[in-house]
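Student: Please find run_4.txt (compact mmCIF, C-alpha atoms) on the next line:
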# COMPACT_ATOMS: atom_id res chain seq x y z
CA MET D 1 -6.78 -22.83 7.15
CA THR D 2 -5.95 -19.18 6.30
CA VAL D 3 -5.74 -19.93 2.57
CA LEU D 4 -9.07 -21.82 2.57
CA LEU D 5 -10.70 -19.00 4.53
CA SER D 6 -9.35 -16.44 2.04
CA VAL D 7 -10.69 -18.51 -0.86
CA SER D 8 -14.16 -18.78 0.68
CA ILE D 9 -14.24 -15.06 1.51
CA ALA D 10 -13.12 -14.25 -2.05
CA VAL D 11 -15.88 -16.34 -3.67
CA LEU D 12 -18.56 -15.00 -1.31
CA ALA D 13 -17.42 -11.40 -1.80
CA GLY D 14 -17.47 -11.81 -5.58
CA LEU D 15 -20.95 -13.35 -5.66
CA LEU D 16 -22.42 -10.78 -3.25
CA MET D 17 -20.87 -7.94 -5.25
CA THR D 18 -22.75 -9.13 -8.35
CA ARG D 19 -25.97 -8.51 -6.39
CA VAL D 20 -24.81 -5.04 -5.35
CA PHE D 21 -24.07 -4.14 -8.97
CA LYS D 22 -27.17 -5.80 -10.43
CA PRO D 23 -29.20 -2.52 -10.54
CA PHE D 24 -26.38 -0.96 -12.61
CA LYS D 25 -26.49 -3.86 -15.10
CA LEU D 26 -22.71 -4.27 -15.05
CA PRO D 27 -21.04 -7.53 -16.16
CA SER D 28 -20.24 -9.99 -13.36
CA VAL D 29 -16.54 -9.75 -14.29
CA THR D 30 -16.48 -6.10 -13.20
CA ALA D 31 -18.22 -6.98 -9.93
CA TYR D 32 -15.68 -9.74 -9.23
CA LEU D 33 -12.75 -7.40 -9.87
CA ILE D 34 -14.15 -4.68 -7.60
CA ALA D 35 -14.81 -7.28 -4.90
CA GLY D 36 -11.16 -8.30 -5.19
CA VAL D 37 -10.02 -4.70 -4.81
CA LEU D 38 -12.21 -4.27 -1.72
CA ILE D 39 -10.92 -7.39 0.07
CA GLY D 40 -7.36 -6.71 -1.14
CA PRO D 41 -4.37 -5.07 0.55
CA TYR D 42 -5.61 -1.49 0.02
CA PHE D 43 -8.98 -1.85 1.77
CA LEU D 44 -10.17 -4.78 3.93
CA GLY D 45 -6.76 -6.42 3.76
CA ALA D 46 -5.22 -3.28 5.27
CA LEU D 47 -6.76 -4.35 8.61
CA HIS D 48 -4.25 -7.25 8.55
CA ILE D 49 -6.78 -9.80 9.77
CA ASN D 50 -5.57 -13.03 8.19
CA GLY D 51 -8.32 -14.83 6.34
CA LEU D 52 -10.80 -11.95 6.45
CA GLY D 53 -9.13 -10.21 3.52
CA ILE D 54 -6.05 -10.59 1.34
CA VAL D 55 -3.62 -8.69 3.52
CA SER D 56 -0.65 -8.27 1.15
CA GLU D 57 0.71 -8.94 -2.33
CA GLU D 58 2.47 -11.99 -0.89
CA ALA D 59 -0.85 -13.35 0.38
CA ALA D 60 -2.36 -12.84 -3.08
CA SER D 61 0.59 -14.61 -4.70
CA LYS D 62 -0.13 -17.69 -2.55
CA LEU D 63 -3.35 -18.04 -4.49
CA SER D 64 -1.56 -17.82 -7.86
CA LEU D 65 -1.98 -21.58 -8.42
CA ILE D 66 -5.74 -21.02 -8.63
CA SER D 67 -5.17 -18.37 -11.30
CA GLU D 68 -2.95 -20.74 -13.30
CA VAL D 69 -5.59 -23.47 -13.23
CA ALA D 70 -8.38 -21.02 -14.13
CA LEU D 71 -6.42 -19.73 -17.12
CA ALA D 72 -5.83 -23.32 -18.24
CA PHE D 73 -9.59 -23.99 -18.30
CA ILE D 74 -10.22 -20.68 -20.07
CA ALA D 75 -7.71 -21.59 -22.78
CA PHE D 76 -9.15 -25.12 -23.02
CA SER D 77 -12.64 -23.71 -23.50
CA ILE D 78 -11.51 -21.17 -26.14
CA GLY D 79 -9.66 -23.94 -27.98
CA SER D 80 -13.02 -25.57 -28.63
CA GLU D 81 -13.89 -22.60 -30.85
CA PHE D 82 -11.46 -23.92 -33.47
CA ARG D 83 -13.81 -26.60 -34.77
CA LEU D 84 -13.01 -27.39 -38.38
CA GLU D 85 -16.59 -26.97 -39.58
CA GLU D 86 -16.65 -23.44 -38.13
CA LEU D 87 -13.14 -22.60 -39.33
CA LYS D 88 -14.20 -23.39 -42.88
CA LYS D 89 -16.63 -20.46 -42.58
CA THR D 90 -14.60 -17.95 -40.55
CA GLY D 91 -11.04 -19.30 -40.47
CA LYS D 92 -9.62 -16.90 -43.07
CA GLN D 93 -11.31 -13.89 -41.47
CA ALA D 94 -10.18 -14.84 -37.96
CA PHE D 95 -6.60 -15.43 -39.16
CA VAL D 96 -6.30 -12.10 -41.03
CA ILE D 97 -8.04 -10.00 -38.37
CA GLY D 98 -6.23 -11.70 -35.48
CA ILE D 99 -2.80 -10.93 -36.92
CA PHE D 100 -3.54 -7.50 -38.39
CA GLN D 101 -5.19 -5.88 -35.35
CA ALA D 102 -2.41 -7.14 -33.05
CA LEU D 103 0.32 -5.70 -35.27
CA VAL D 104 -1.50 -2.38 -35.72
CA ALA D 105 -1.82 -2.04 -31.93
CA THR D 106 1.92 -2.65 -31.55
CA ILE D 107 2.86 -0.16 -34.26
CA LEU D 108 0.62 2.62 -32.91
CA VAL D 109 1.79 2.14 -29.31
CA ASP D 110 5.43 2.05 -30.42
CA ALA D 111 4.99 5.26 -32.45
CA ALA D 112 3.15 7.13 -29.68
CA LEU D 113 5.60 6.07 -26.98
CA PHE D 114 8.56 6.97 -29.21
CA VAL D 115 7.23 10.55 -29.25
CA VAL D 116 7.01 10.37 -25.44
CA HIS D 117 10.62 9.11 -25.41
CA LEU D 118 11.71 12.12 -27.45
CA ILE D 119 9.96 14.43 -24.97
CA MET D 120 11.03 12.59 -21.80
CA PRO D 121 14.11 10.47 -22.65
CA ASP D 122 14.98 10.18 -18.96
CA LYS D 123 11.60 8.60 -18.16
CA LEU D 124 11.13 6.18 -21.08
CA SER D 125 13.87 4.35 -22.97
CA VAL D 126 13.67 2.78 -26.44
CA ALA D 127 13.95 -0.71 -24.89
CA GLN D 128 11.00 0.05 -22.62
CA LEU D 129 8.77 1.44 -25.38
CA ILE D 130 9.50 -1.53 -27.67
CA THR D 131 8.53 -3.93 -24.88
CA LEU D 132 5.34 -2.03 -24.06
CA GLY D 133 4.40 -2.01 -27.74
CA ALA D 134 4.68 -5.80 -27.79
CA ILE D 135 2.59 -6.16 -24.63
CA ALA D 136 -0.13 -4.12 -26.37
CA THR D 137 -0.88 -7.10 -28.64
CA ALA D 138 -2.34 -9.22 -25.84
CA THR D 139 -6.09 -9.46 -25.21
CA ALA D 140 -7.68 -10.97 -22.10
CA PRO D 141 -9.44 -14.21 -23.09
CA ALA D 142 -10.85 -14.64 -19.58
CA ALA D 143 -12.87 -11.42 -19.47
CA THR D 144 -14.18 -11.91 -23.00
CA LEU D 145 -15.22 -15.51 -22.35
CA MET D 146 -16.95 -14.62 -19.08
CA VAL D 147 -19.03 -11.88 -20.73
CA VAL D 148 -20.01 -14.23 -23.57
CA ARG D 149 -21.03 -16.93 -21.10
CA GLN D 150 -22.90 -14.65 -18.69
CA TYR D 151 -25.09 -13.12 -21.37
CA LYS D 152 -25.23 -16.24 -23.58
CA ALA D 153 -24.03 -14.14 -26.49
CA ASP D 154 -24.28 -15.79 -29.88
CA GLY D 155 -24.05 -14.68 -33.48
CA PRO D 156 -21.50 -13.98 -36.22
CA LEU D 157 -19.53 -11.50 -34.11
CA THR D 158 -19.28 -13.81 -31.09
CA ARG D 159 -18.32 -16.82 -33.22
CA LEU D 160 -15.56 -14.77 -34.88
CA LEU D 161 -14.44 -13.07 -31.65
CA LEU D 162 -13.35 -16.12 -29.65
CA PRO D 163 -11.01 -17.59 -32.31
CA ILE D 164 -9.52 -14.12 -32.81
CA VAL D 165 -8.85 -13.78 -29.07
CA ALA D 166 -7.10 -17.16 -29.11
CA LEU D 167 -5.04 -16.32 -32.20
CA ASP D 168 -4.33 -12.84 -30.81
CA ASP D 169 -2.47 -14.29 -27.85
CA ALA D 170 -0.42 -16.59 -30.08
CA VAL D 171 0.57 -13.62 -32.23
CA GLY D 172 1.27 -11.62 -29.08
CA LEU D 173 3.69 -14.23 -27.77
CA ILE D 174 5.67 -14.11 -31.04
CA VAL D 175 5.74 -10.31 -31.21
CA PHE D 176 6.70 -10.04 -27.55
CA ALA D 177 9.48 -12.61 -27.80
CA VAL D 178 11.03 -10.81 -30.79
CA SER D 179 10.57 -7.31 -29.35
CA PHE D 180 11.83 -8.32 -25.93
CA GLY D 181 14.87 -9.95 -27.50
CA ILE D 182 15.63 -6.64 -29.25
CA ALA D 183 15.05 -4.74 -26.00
CA LYS D 184 17.50 -7.00 -24.14
CA SER D 185 20.05 -6.46 -26.91
CA LEU D 186 19.66 -2.67 -26.55
CA VAL D 187 20.16 -2.89 -22.78
CA SER D 188 23.08 -5.34 -22.88
CA GLY D 189 24.68 -4.06 -26.09
CA SER D 190 24.91 -7.56 -27.63
CA VAL D 191 22.69 -9.18 -30.27
CA ASP D 192 21.48 -12.77 -29.72
CA LEU D 193 19.58 -14.03 -32.77
CA ILE D 194 18.71 -17.30 -31.05
CA SER D 195 16.83 -15.46 -28.27
CA ILE D 196 15.19 -13.04 -30.70
CA ILE D 197 14.04 -15.48 -33.40
CA VAL D 198 14.68 -19.18 -32.70
CA ASN D 199 13.52 -19.55 -29.09
CA PRO D 200 10.11 -17.88 -29.64
CA LEU D 201 9.40 -20.18 -32.59
CA LEU D 202 10.50 -23.20 -30.55
CA GLU D 203 8.15 -22.22 -27.70
CA ILE D 204 5.17 -21.97 -30.02
CA ALA D 205 5.97 -25.21 -31.88
CA ALA D 206 6.64 -27.14 -28.65
CA SER D 207 3.42 -25.83 -27.07
CA LEU D 208 1.28 -26.81 -30.07
CA VAL D 209 2.82 -30.29 -30.26
CA LEU D 210 2.39 -30.92 -26.52
CA GLY D 211 -1.22 -29.71 -26.63
CA ALA D 212 -2.00 -31.88 -29.69
CA VAL D 213 -0.54 -34.99 -28.04
CA LEU D 214 -2.55 -34.37 -24.87
CA GLY D 215 -5.72 -33.75 -26.92
CA TRP D 216 -5.26 -37.08 -28.69
CA LEU D 217 -4.53 -38.80 -25.34
CA LEU D 218 -7.67 -37.32 -23.75
CA THR D 219 -9.81 -38.61 -26.63
CA GLN D 220 -8.39 -42.13 -26.26
CA LEU D 221 -8.88 -42.15 -22.49
CA GLU D 222 -12.48 -40.92 -22.81
CA LYS D 223 -13.28 -44.11 -24.79
CA MET D 224 -12.58 -46.18 -21.68
CA PHE D 225 -15.54 -44.74 -19.77
CA ASN D 226 -19.31 -44.81 -20.28
CA SER D 227 -20.18 -42.50 -17.39
CA ASN D 228 -20.35 -38.78 -18.17
CA THR D 229 -19.12 -38.10 -14.64
CA ASN D 230 -15.97 -40.14 -15.21
CA ARG D 231 -15.45 -38.50 -18.60
CA LEU D 232 -15.68 -35.07 -16.97
CA ASN D 233 -13.20 -36.16 -14.28
CA MET D 234 -10.81 -37.36 -16.97
CA THR D 235 -11.12 -34.05 -18.83
CA ILE D 236 -10.37 -32.07 -15.67
CA ALA D 237 -7.36 -34.28 -14.94
CA LEU D 238 -5.91 -33.74 -18.43
CA VAL D 239 -6.33 -29.95 -18.20
CA PHE D 240 -4.49 -30.03 -14.86
CA LEU D 241 -1.79 -32.19 -16.49
CA ALA D 242 -1.47 -29.76 -19.40
CA ALA D 243 -1.12 -26.80 -17.02
CA SER D 244 1.59 -28.58 -15.00
CA LEU D 245 3.58 -29.80 -18.02
CA SER D 246 3.50 -26.25 -19.42
CA MET D 247 5.73 -25.20 -16.53
CA MET D 248 8.63 -27.28 -17.91
CA ASP D 249 11.67 -25.26 -18.83
CA PHE D 250 15.00 -26.62 -20.04
CA HIS D 251 17.93 -26.03 -22.39
CA VAL D 252 19.14 -28.12 -25.32
CA GLY D 253 22.55 -26.77 -26.22
CA PRO D 254 22.14 -23.06 -26.99
CA PHE D 255 18.35 -23.39 -27.34
CA HIS D 256 15.86 -22.62 -24.59
CA ILE D 257 12.79 -24.88 -24.63
CA SER D 258 9.74 -23.56 -22.77
CA PHE D 259 5.97 -23.78 -23.12
CA SER D 260 3.03 -21.41 -23.10
CA SER D 261 0.22 -22.72 -20.87
CA LEU D 262 -2.34 -20.83 -22.94
CA LEU D 263 -1.20 -22.35 -26.24
CA VAL D 264 -0.89 -25.87 -24.78
CA CYS D 265 -4.39 -25.82 -23.30
CA MET D 266 -5.89 -24.15 -26.39
CA MET D 267 -4.40 -26.86 -28.59
CA LEU D 268 -5.63 -29.52 -26.16
CA GLY D 269 -9.17 -28.14 -26.50
CA THR D 270 -8.90 -27.78 -30.29
CA VAL D 271 -7.72 -31.34 -30.97
CA PHE D 272 -10.12 -32.85 -28.45
CA CYS D 273 -13.16 -31.04 -29.89
CA ASN D 274 -12.28 -32.03 -33.44
CA ILE D 275 -11.64 -35.74 -32.94
CA CYS D 276 -13.86 -36.69 -29.98
CA PRO D 277 -17.53 -37.23 -30.95
CA LEU D 278 -18.67 -36.58 -27.36
CA SER D 279 -16.74 -33.34 -26.97
CA GLU D 280 -19.69 -30.91 -27.06
CA ASP D 281 -21.45 -32.54 -24.10
CA ILE D 282 -18.21 -32.84 -22.12
CA MET D 283 -17.21 -29.23 -22.82
CA GLU D 284 -20.61 -28.03 -21.62
CA ARG D 285 -20.17 -29.93 -18.35
CA SER D 286 -16.60 -28.67 -17.98
CA ASP D 287 -17.74 -25.06 -18.41
CA LYS D 288 -20.28 -25.47 -15.60
CA TRP D 289 -17.70 -27.11 -13.33
CA SER D 290 -15.15 -24.34 -13.86
CA SER D 291 -17.62 -21.46 -13.30
CA PRO D 292 -16.78 -20.84 -9.58
CA LEU D 293 -13.09 -21.23 -10.41
CA LEU D 294 -13.32 -18.39 -12.93
CA ALA D 295 -15.18 -16.20 -10.44
CA LEU D 296 -12.39 -16.79 -7.94
CA PHE D 297 -9.80 -16.00 -10.62
CA PHE D 298 -11.23 -12.53 -11.19
CA VAL D 299 -11.58 -11.76 -7.49
CA ILE D 300 -7.92 -12.69 -6.98
CA SER D 301 -7.01 -10.59 -10.04
CA GLY D 302 -8.77 -7.63 -8.45
CA ALA D 303 -6.86 -8.14 -5.20
CA GLU D 304 -3.58 -8.18 -7.13
CA LEU D 305 -4.21 -4.82 -8.83
CA GLN D 306 -1.77 -2.28 -7.42
CA LEU D 307 -3.47 1.04 -6.77
CA SER D 308 -0.12 2.52 -5.75
CA VAL D 309 0.74 3.08 -9.43
CA PHE D 310 -1.49 6.18 -9.32
CA LYS D 311 1.08 7.90 -7.10
CA ASP D 312 3.57 8.45 -9.96
CA ALA D 313 2.39 11.12 -12.43
CA ALA D 314 4.83 9.92 -15.13
CA ILE D 315 3.43 6.38 -14.98
CA VAL D 316 -0.13 7.71 -15.19
CA PHE D 317 0.75 9.90 -18.20
CA ILE D 318 2.59 7.13 -20.08
CA GLY D 319 -0.14 4.67 -19.08
CA ILE D 320 -2.87 6.90 -20.54
CA ILE D 321 -0.94 7.23 -23.82
CA TYR D 322 -0.48 3.44 -23.87
CA ILE D 323 -4.20 2.81 -23.24
CA ILE D 324 -5.44 5.31 -25.84
CA PHE D 325 -3.19 4.17 -28.68
CA ARG D 326 -3.63 0.47 -27.92
CA CYS D 327 -7.41 0.95 -28.12
CA LEU D 328 -7.03 2.86 -31.39
CA GLY D 329 -4.86 0.08 -32.78
CA LYS D 330 -7.27 -2.66 -31.72
CA TYR D 331 -10.34 -0.81 -32.99
CA TYR D 332 -9.08 0.40 -36.35
CA GLY D 333 -6.92 -2.68 -36.94
CA ALA D 334 -9.97 -4.91 -36.47
CA ARG D 335 -12.25 -2.58 -38.45
CA LEU D 336 -9.97 -2.29 -41.48
CA SER D 337 -9.13 -6.00 -41.64
CA ALA D 338 -12.80 -6.95 -41.10
CA LYS D 339 -13.78 -4.77 -44.06
CA ALA D 340 -10.96 -6.24 -46.15
CA THR D 341 -12.23 -9.78 -45.44
CA HIS D 342 -15.83 -8.80 -46.25
CA CYS D 343 -17.28 -9.16 -42.75
CA ALA D 344 -20.78 -7.97 -41.94
CA PRO D 345 -21.16 -4.25 -41.04
CA GLN D 346 -21.89 -4.93 -37.34
CA ILE D 347 -18.69 -6.98 -37.10
CA CYS D 348 -16.64 -4.19 -38.67
CA LYS D 349 -18.17 -1.66 -36.29
CA TYR D 350 -18.07 -3.51 -32.96
CA LEU D 351 -15.36 -6.21 -33.14
CA GLY D 352 -12.48 -3.90 -32.18
CA ILE D 353 -14.24 -2.78 -28.98
CA THR D 354 -14.52 -6.37 -27.76
CA LEU D 355 -10.70 -6.70 -27.99
CA PHE D 356 -9.96 -3.95 -25.44
CA PRO D 357 -9.76 -6.09 -22.22
CA GLN D 358 -6.23 -7.00 -21.17
CA ALA D 359 -4.97 -8.95 -18.17
CA GLY D 360 -3.35 -12.37 -17.67
CA VAL D 361 -1.16 -12.68 -20.76
CA ALA D 362 -0.01 -9.06 -20.48
CA LEU D 363 0.88 -9.57 -16.81
CA GLY D 364 2.90 -12.63 -17.74
CA MET D 365 4.76 -10.58 -20.36
CA CYS D 366 5.54 -7.76 -17.93
CA ALA D 367 6.82 -10.32 -15.41
CA THR D 368 9.27 -11.48 -18.09
CA ALA D 369 10.18 -7.83 -18.75
CA MET D 370 11.57 -7.64 -15.21
CA GLN D 371 14.69 -9.28 -16.69
CA LEU D 372 15.60 -5.80 -17.92
CA GLY D 373 16.48 -4.86 -14.34
CA ASP D 374 15.54 -1.33 -13.26
CA GLN D 375 14.00 -0.62 -16.67
CA GLY D 376 11.59 -3.49 -16.10
CA ASN D 377 9.97 -1.77 -13.11
CA LEU D 378 8.50 1.01 -15.26
CA ILE D 379 7.15 -1.53 -17.77
CA ARG D 380 5.53 -3.50 -14.96
CA ASN D 381 3.90 -0.46 -13.36
CA ILE D 382 2.54 0.90 -16.64
CA THR D 383 1.14 -2.53 -17.53
CA LEU D 384 -0.47 -2.80 -14.09
CA PHE D 385 -2.01 0.66 -14.49
CA ALA D 386 -3.39 -0.26 -17.91
CA VAL D 387 -4.72 -3.62 -16.70
CA LEU D 388 -6.53 -1.89 -13.84
CA ILE D 389 -8.35 0.40 -16.28
CA TYR D 390 -8.95 -2.25 -18.93
CA GLU D 391 -10.32 -4.85 -16.54
CA LEU D 392 -12.76 -2.46 -14.88
CA VAL D 393 -14.00 -0.87 -18.11
CA GLY D 394 -13.28 -3.50 -20.77
CA PRO D 395 -15.98 -6.08 -19.85
CA LEU D 396 -18.65 -3.36 -19.84
CA LEU D 397 -17.55 -2.17 -23.29
CA THR D 398 -17.52 -5.76 -24.56
CA ARG D 399 -21.05 -6.34 -23.28
CA ASN D 400 -22.33 -3.11 -24.83
CA ALA D 401 -20.68 -3.90 -28.17
CA LEU D 402 -22.26 -7.38 -28.26
CA MET D 403 -25.65 -5.91 -27.32
CA LYS D 404 -25.48 -3.28 -30.07
CA ALA D 405 -24.48 -5.99 -32.53
CA GLY D 406 -27.68 -7.80 -31.55
CA GLU D 407 -25.91 -10.84 -30.10
CA ILE D 408 -27.04 -10.42 -26.49
CA VAL D 409 -30.80 -10.84 -26.26
CA PRO D 410 -32.51 -9.43 -23.12
CA MET D 411 -34.40 -11.94 -21.01
CA PRO D 412 -38.04 -12.09 -22.21
CA GLU D 413 -40.56 -10.45 -19.90
CA HIS D 414 -42.59 -13.64 -19.45
CA VAL D 415 -39.47 -15.45 -18.18
CA LYS D 416 -38.75 -12.64 -15.71
CA ASN D 417 -42.36 -12.68 -14.50
CA ARG D 418 -42.31 -16.46 -14.10
CA ARG D 419 -39.15 -16.27 -11.95
CA GLN D 420 -40.57 -13.47 -9.84
CA ASN D 421 -43.82 -15.38 -9.30
CA LYS D 422 -41.91 -18.46 -8.18
CA LEU D 423 -39.86 -16.42 -5.69
CA ALA D 424 -42.99 -14.71 -4.39
CA ALA D 425 -44.75 -18.05 -3.96
CA ALA D 426 -41.72 -19.48 -2.15
CA GLY D 427 -41.74 -16.46 0.19
CA LYS D 428 -45.41 -17.02 1.05
CA ASN D 429 -44.82 -20.70 1.76
CA ASP D 430 -41.98 -19.85 4.15
CA LYS D 431 -44.37 -17.67 6.12
Take the structure in the file and give it back as structure tokens.
Tutor:
Amino acid sequence: MTVLLSVSIAVLAGLLMTRVFKPFKLPSVTAYLIAGVLIGPYFLGALHINGLGIVSEEAASKLSLISEVALAFIAFSIGSEFRLEELKKTGKQAFVIGIFQALVATILVDAALFVVHLIMPDKLSVAQLITLGAIATATAPAATLMVVRQYKADGPLTRLLLPIVALDDAVGLIVFAVSFGIAKSLVSGSVDLISIIVNPLLEIAASLVLGAVLGWLLTQLEKMFNSNTNRLNMTIALVFLAASLSMMDFHVGPFHISFSSLLVCMMLGTVFCNICPLSEDIMERSDKWSSPLLALFFVISGAELQLSVFKDAAIVFIGIIYIIFRCLGKYYGARLSAKATHCAPQICKYLGITLFPQAGVALGMCATAMQLGDQGNLIRNITLFAVLIYELVGPLLTRNALMKAGEIVPMPEHVKNRRQNKLAAAGKNDK
């Protein structure tokens, strides 16, 4: 009962907060996150009234299954952006930009934090800075996708952005696995090439194969049904199956076999959308079905943000350096590679800004970084601080960048007037 009450309060709070922020013209993502903060442990939850708010981090963690499912649908939806006919037009650009901007962000963050290490060696170790540099690669697909959907953004920048976000996270997983393996070697004093090189490659390969198999299976199962409702139900079931199978984790001799839920579900969406002739209609229905789930995901994310990180001046200082140089890496990495691949001027100018948001993947990386023991705590707190800033500001910057690129078109005045007239007429009838 308490969990269901918390879920209902979270959805209601998120939706009502979008109305509060409507005069400010902020993205719904920002409103959901702020609603989560307000019902979280630092505000309404501090009253310790179970169900009315999320009273503690433990209470928020009980809702983590919802976040896992939401991320699975986000990845599935982004996977549909890898249609072969579109990739023929933008595939080379997306591939080059996706890799280059991620690596530039890592290099700039590593360099900046190394200077901080030289100044404050007792606060930041080399293992910690290498790990933070790898986390800098990750971009938040959820926030980007929500902004695109809310404002119905469309155009060359949007069509290039979503594949880049998907590829960005794949690159991030590789960079993080290698960097984290080096960091563990620095902490333990022993070098394990299997952990640094082989296991990351196995995770990516295994995830892509599993996703491809499930995408093929979904296409075959869809052929058994004529009802769009049953096809949608089958799609939802396969995304749930993909998310659950991604949690498998086992060893084969010295090798560690694990899966990335994001990569599995992205590959599921990619294969399905390329071989199923009915995929466009089904994806559209799936997006509508998952809309409240994504709203709940962001409210829960807001509740999980830890405002206590502001208490430590060192974390705030290192976090600010991390944020600034990651943004510089994303912006100039995207701008330079976009120019090199002959993208349009508005893409070169605004693409990097849309890559600022950071959340789910980065949080998963910092959770892994806790294996470094005490050194992992600093990594986690700095990542949490950065995510707090990025998630509150990033969606707004993404929206503004898409608007300036001309890919978000304001609602025509005659449509606004028609809606207002209908509401006014309904009000008179009620009286």
Student: Would you please work out which residue, of D:Asp287, D:Glu81, D:Glu280, D:Asp110, is nearest to D:Ser179 when using only C-alpha atoms?
Tutor: D:Asp110
Student: Enumerate, in order of chain and increasing residue number, the residues of stretch 296-367 of chain D with an atom no farther than 9 Å from stretch 388-395 of chain D, each with its shortest atom pair and distance in Å to one decimal, counting all atoms listed in the file, as a tab-separated table.
Tutor:
residue	atom	partner	partner_atom	distance
D:Gly302	CA	D:Leu388	CA	8.2
D:Leu305	CA	D:Leu388	CA	6.3
D:Gln306	CA	D:Leu388	CA	8.0
D:Leu307	CA	D:Leu388	CA	8.2
D:Ile323	CA	D:Tyr390	CA	8.2
D:Ile353	CA	D:Gly394	CA	8.3
D:Thr354	CA	D:Gly394	CA	7.7
D:Leu355	CA	D:Gly394	CA	8.3
D:Phe356	CA	D:Gly394	CA	5.7
D:Pro357	CA	D:Gly394	CA	4.6
D:Gln358	CA	D:Tyr390	CA	5.9
D:Ala359	CA	D:Glu391	CA	6.9
Student: Using all atoms listed in the file, can you tell me which of D:Lys184, D:His117, D:Arg83, D:Lys92 comes closest to D:Gly373?
Tutor: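 Once distances to D:Gly373 are computed over all atoms listed in the file, the minimum belongs to D:Lys184.
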Student: Measure the distance from atom CA of D:Ser125 to atom CA of D:Gln375 in Å and round it to one decimal.
Tutor: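 Distance between the two atoms: 8.0 Å.
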Student: Got a sec: who's within 8 Å of D:Ile66, counting only C-alpha atoms, leaving out chain neighbours fewer than 2 positions off, as an NGL selection string?
Tutor: :D and (63-64 or 68-70 or 293 or 296-297)
Student: Just the number, please: distance in Å from atom CA of D:Leu124 to atom CA of D:Gly172, one decimal.
Tutor: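 Spanning atom CA of D:Leu124 to atom CA of D:Gly172 is a straight-line distance of 21.9 Å.
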Student: Using all atoms listed in the file, which residue out of D:Val96, D:Leu5, D:Ile204, D:Leu129 lies closest to D:Ala170?
Tutor: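 Of all the options, D:Ile204 lies closest to D:Ala170.
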Student: Give as a PyMOL selection string each residue that has an atom at most 9 Å from (-0.9, -20.9, -24.5) in the file, counting only C-alpha atoms.
Tutor: chain D and resi 72+75+166+169-170+173+204+207-208+246+259-267
Student: Please report the interatomic distance between atom CA of D:Ile379 and atom CA of D:Pro200 in Å with one decimal.
Tutor: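 So the two atoms, atom CA of D:Ile379 and atom CA of D:Pro200, lie 20.4 Å apart.
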Student: Return the single residue from D:Glu203, D:Ala303, D:Asn226, D:Val239 that is closest to D:Ile34, with distances computed using only C-alpha atoms.
Tutor: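 Distance minimum relative to D:Ile34 lands on D:Ala303.
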Student: Find the residues near D:Asn377: any atom within 9 Å, counting all atoms listed in the file, skip ones fewer than 6 places away on the same chain, and give them as a VMD selection string.
Tutor: chain D and resid 366 369 to 370
Student: Which polymer residues have any atom within 9 Å of an atom of D:Leu26, counting all atoms listed in the file, with same-chain residues fewer than 4 positions away left out, as a list in words?
Tutor: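 The neighbour list is Thr18, Phe21, Lys22, Thr30, Ala31, Pro395, Leu396 and Arg399 of chain D.
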Student: Could you name the residues that touch stretch 58-61 of chain D at 7 Å or less, counting all atoms listed in the file, but leaving out those on the same chain fewer than 4 positions away, as a ChimeraX atom specification?
Tutor: /D:54,300,303-304
